[in-house]
Amino acid sequence: MRTLIYLLIGIVFGITMFKSEAASWYRIYEMFTFEAFHMYGIIGVSVVLGAISTQIIKRFKIKSFYGEKITFPPKQKSFARYAFGGILFGLGWALAGACPGPMFTLLGAGFLPIIIVIMASLFGTFVYGLLKDKLPH
């Protein structure tokens, strides 16, 4: 049953991404060239919604679907790790024209060349897994 719920949430998320044009290569291009506010608005709303949701989970002690307590462990604060990770993510996003969420949305919408991008991102994740212990965290 939970798998069905996750699938339905994913489908709704994909439709929202596609209809809001968040999966559009052109909208991403406009964002990186500072020509339009569209994507910044979507990202801004997401950040605010995430912050509000996190506070609701913390204050009302909401539990997961499995009945487990949801915790937010403190993160190590380091400028270099977030700057390097953000630059790497942004470069990949700019080159591919899609971040992970829209990649699968584009595949579901029938844009088959995105399979190459998905395979490359999976390979990059695999390489990170191999190098994770050697990287500064």
# chains A, B, ... in the order shown; residues from 1 in each chain; ligands from 1
>>> residues_around(residues="Lys61 of chain A", least_positions_apart="4", cutoff="10 Å", atoms="only C-alpha atoms", output="JSON, numbers by chain")
{"A": [55, 56, 57, 69, 70, 71]}
>>> closest_residue(among="A:Gly97, A:Met1, A:Ile15, A:Ile52", to="Pro113 of chain A", atoms="only C-alpha atoms")
A:Gly97
>>> select_by_dssp(residues="segment 25-111 of chain A", states="helix (DSSP H, G or I)", output="VMD selection string")
chain A and resid 25 to 32 38 to 60 79 to 96 100 to 108
>>> residues_around(residues="Arg2 of chain A", least_positions_apart="6", cutoff="12 Å", atoms="only C-alpha atoms", output="ChimeraX atom specification")
/A:8-9,64-66
>>> atom_distance(atom1="atom CA of Val117 of chain A", atom2="atom CA of Gly44 of chain A")
25.5 Å
>>> closest_residue(among="A:Met39, A:Ala98, A:Val48, A:Leu131", to="Ile116 of chain A", atoms="only C-alpha atoms")
A:Ala98
>>> closest_residue(among="A:Met119, A:Ala80, A:Pro74, A:Lys63", to="Met103 of chain A", atoms="only C-alpha atoms")
A:Met119
>>> closest_residue(among="A:Ala23, A:Ile28, A:Pro136, A:Arg59", to="Ser78 of chain A", atoms="only C-alpha atoms")
A:Pro136
>>> residues_around(residues="Thr16 of chain A", least_positions_apart="4", cutoff="12 Å", atoms="only C-alpha atoms", output="list in words")
Ile9, Gly10, Ile11, Val12, Ser20, Glu21, Ala22, Ala23, Ile42, Gly101, Pro102, Thr105 and Leu106 of chain A
>>> write_last_selection(atoms="N, CA and C atoms", output="PDB file, in the first residue's frame")
ATOM      1  N   ILE A   9       2.316   9.849  -5.328  1.00  0.00           N
ATOM      2  CA  ILE A   9       2.972  11.128  -5.003  1.00  0.00           C
ATOM      3  C   ILE A   9       3.986  11.474  -6.087  1.00  0.00           C
ATOM      4  N   GLY A  10       4.746  10.485  -6.552  1.00  0.00           N
ATOM      5  CA  GLY A  10       5.728  10.710  -7.614  1.00  0.00           C
ATOM      6  C   GLY A  10       5.081  11.143  -8.920  1.00  0.00           C
ATOM      7  N   ILE A  11       3.951  10.538  -9.254  1.00  0.00           N
ATOM      8  CA  ILE A  11       3.243  10.918 -10.479  1.00  0.00           C
ATOM      9  C   ILE A  11       2.741  12.353 -10.385  1.00  0.00           C
ATOM     10  N   VAL A  12       2.148  12.707  -9.258  1.00  0.00           N
ATOM     11  CA  VAL A  12       1.662  14.088  -9.058  1.00  0.00           C
ATOM     12  C   VAL A  12       2.840  15.064  -9.128  1.00  0.00           C
ATOM     13  N   SER A  20       4.512  23.036 -14.657  1.00  0.00           N
ATOM     14  CA  SER A  20       5.066  24.321 -14.208  1.00  0.00           C
ATOM     15  C   SER A  20       6.280  24.727 -15.040  1.00  0.00           C
ATOM     16  N   GLU A  21       6.655  23.891 -15.985  1.00  0.00           N
ATOM     17  CA  GLU A  21       7.812  24.093 -16.869  1.00  0.00           C
ATOM     18  C   GLU A  21       9.140  24.045 -16.111  1.00  0.00           C
ATOM     19  N   ALA A  22       9.148  23.459 -14.923  1.00  0.00           N
ATOM     20  CA  ALA A  22      10.396  23.313 -14.173  1.00  0.00           C
ATOM     21  C   ALA A  22      11.311  22.288 -14.832  1.00  0.00           C
ATOM     22  N   ALA A  23      10.759  21.434 -15.690  1.00  0.00           N
ATOM     23  CA  ALA A  23      11.550  20.433 -16.399  1.00  0.00           C
ATOM     24  C   ALA A  23      11.979  20.931 -17.778  1.00  0.00           C
ATOM     25  N   ILE A  42      10.059  29.204  -8.399  1.00  0.00           N
ATOM     26  CA  ILE A  42       9.763  27.812  -8.050  1.00  0.00           C
ATOM     27  C   ILE A  42      10.700  27.332  -6.951  1.00  0.00           C
ATOM     28  N   GLY A 101      15.191  15.488 -10.327  1.00  0.00           N
ATOM     29  CA  GLY A 101      13.734  15.380 -10.406  1.00  0.00           C
ATOM     30  C   GLY A 101      13.203  15.503 -11.828  1.00  0.00           C
ATOM     31  N   PRO A 102      13.548  16.573 -12.527  1.00  0.00           N
ATOM     32  CA  PRO A 102      13.072  16.724 -13.900  1.00  0.00           C
ATOM     33  C   PRO A 102      13.612  15.694 -14.882  1.00  0.00           C
ATOM     34  N   THR A 105      11.089  13.124 -14.902  1.00  0.00           N
ATOM     35  CA  THR A 105       9.870  13.719 -15.455  1.00  0.00           C
ATOM     36  C   THR A 105       9.964  13.775 -16.972  1.00  0.00           C
ATOM     37  N   LEU A 106      11.120  14.189 -17.481  1.00  0.00           N
ATOM     38  CA  LEU A 106      11.319  14.255 -18.929  1.00  0.00           C
ATOM     39  C   LEU A 106      11.254  12.870 -19.562  1.00  0.00           C
TER      40      LEU A 106
END
>>> closest_residue(among="A:Thr125, A:Ala109, A:Phe34, A:Lys58", to="Phe89 of chain A", atoms="only C-alpha atoms")
A:Thr125
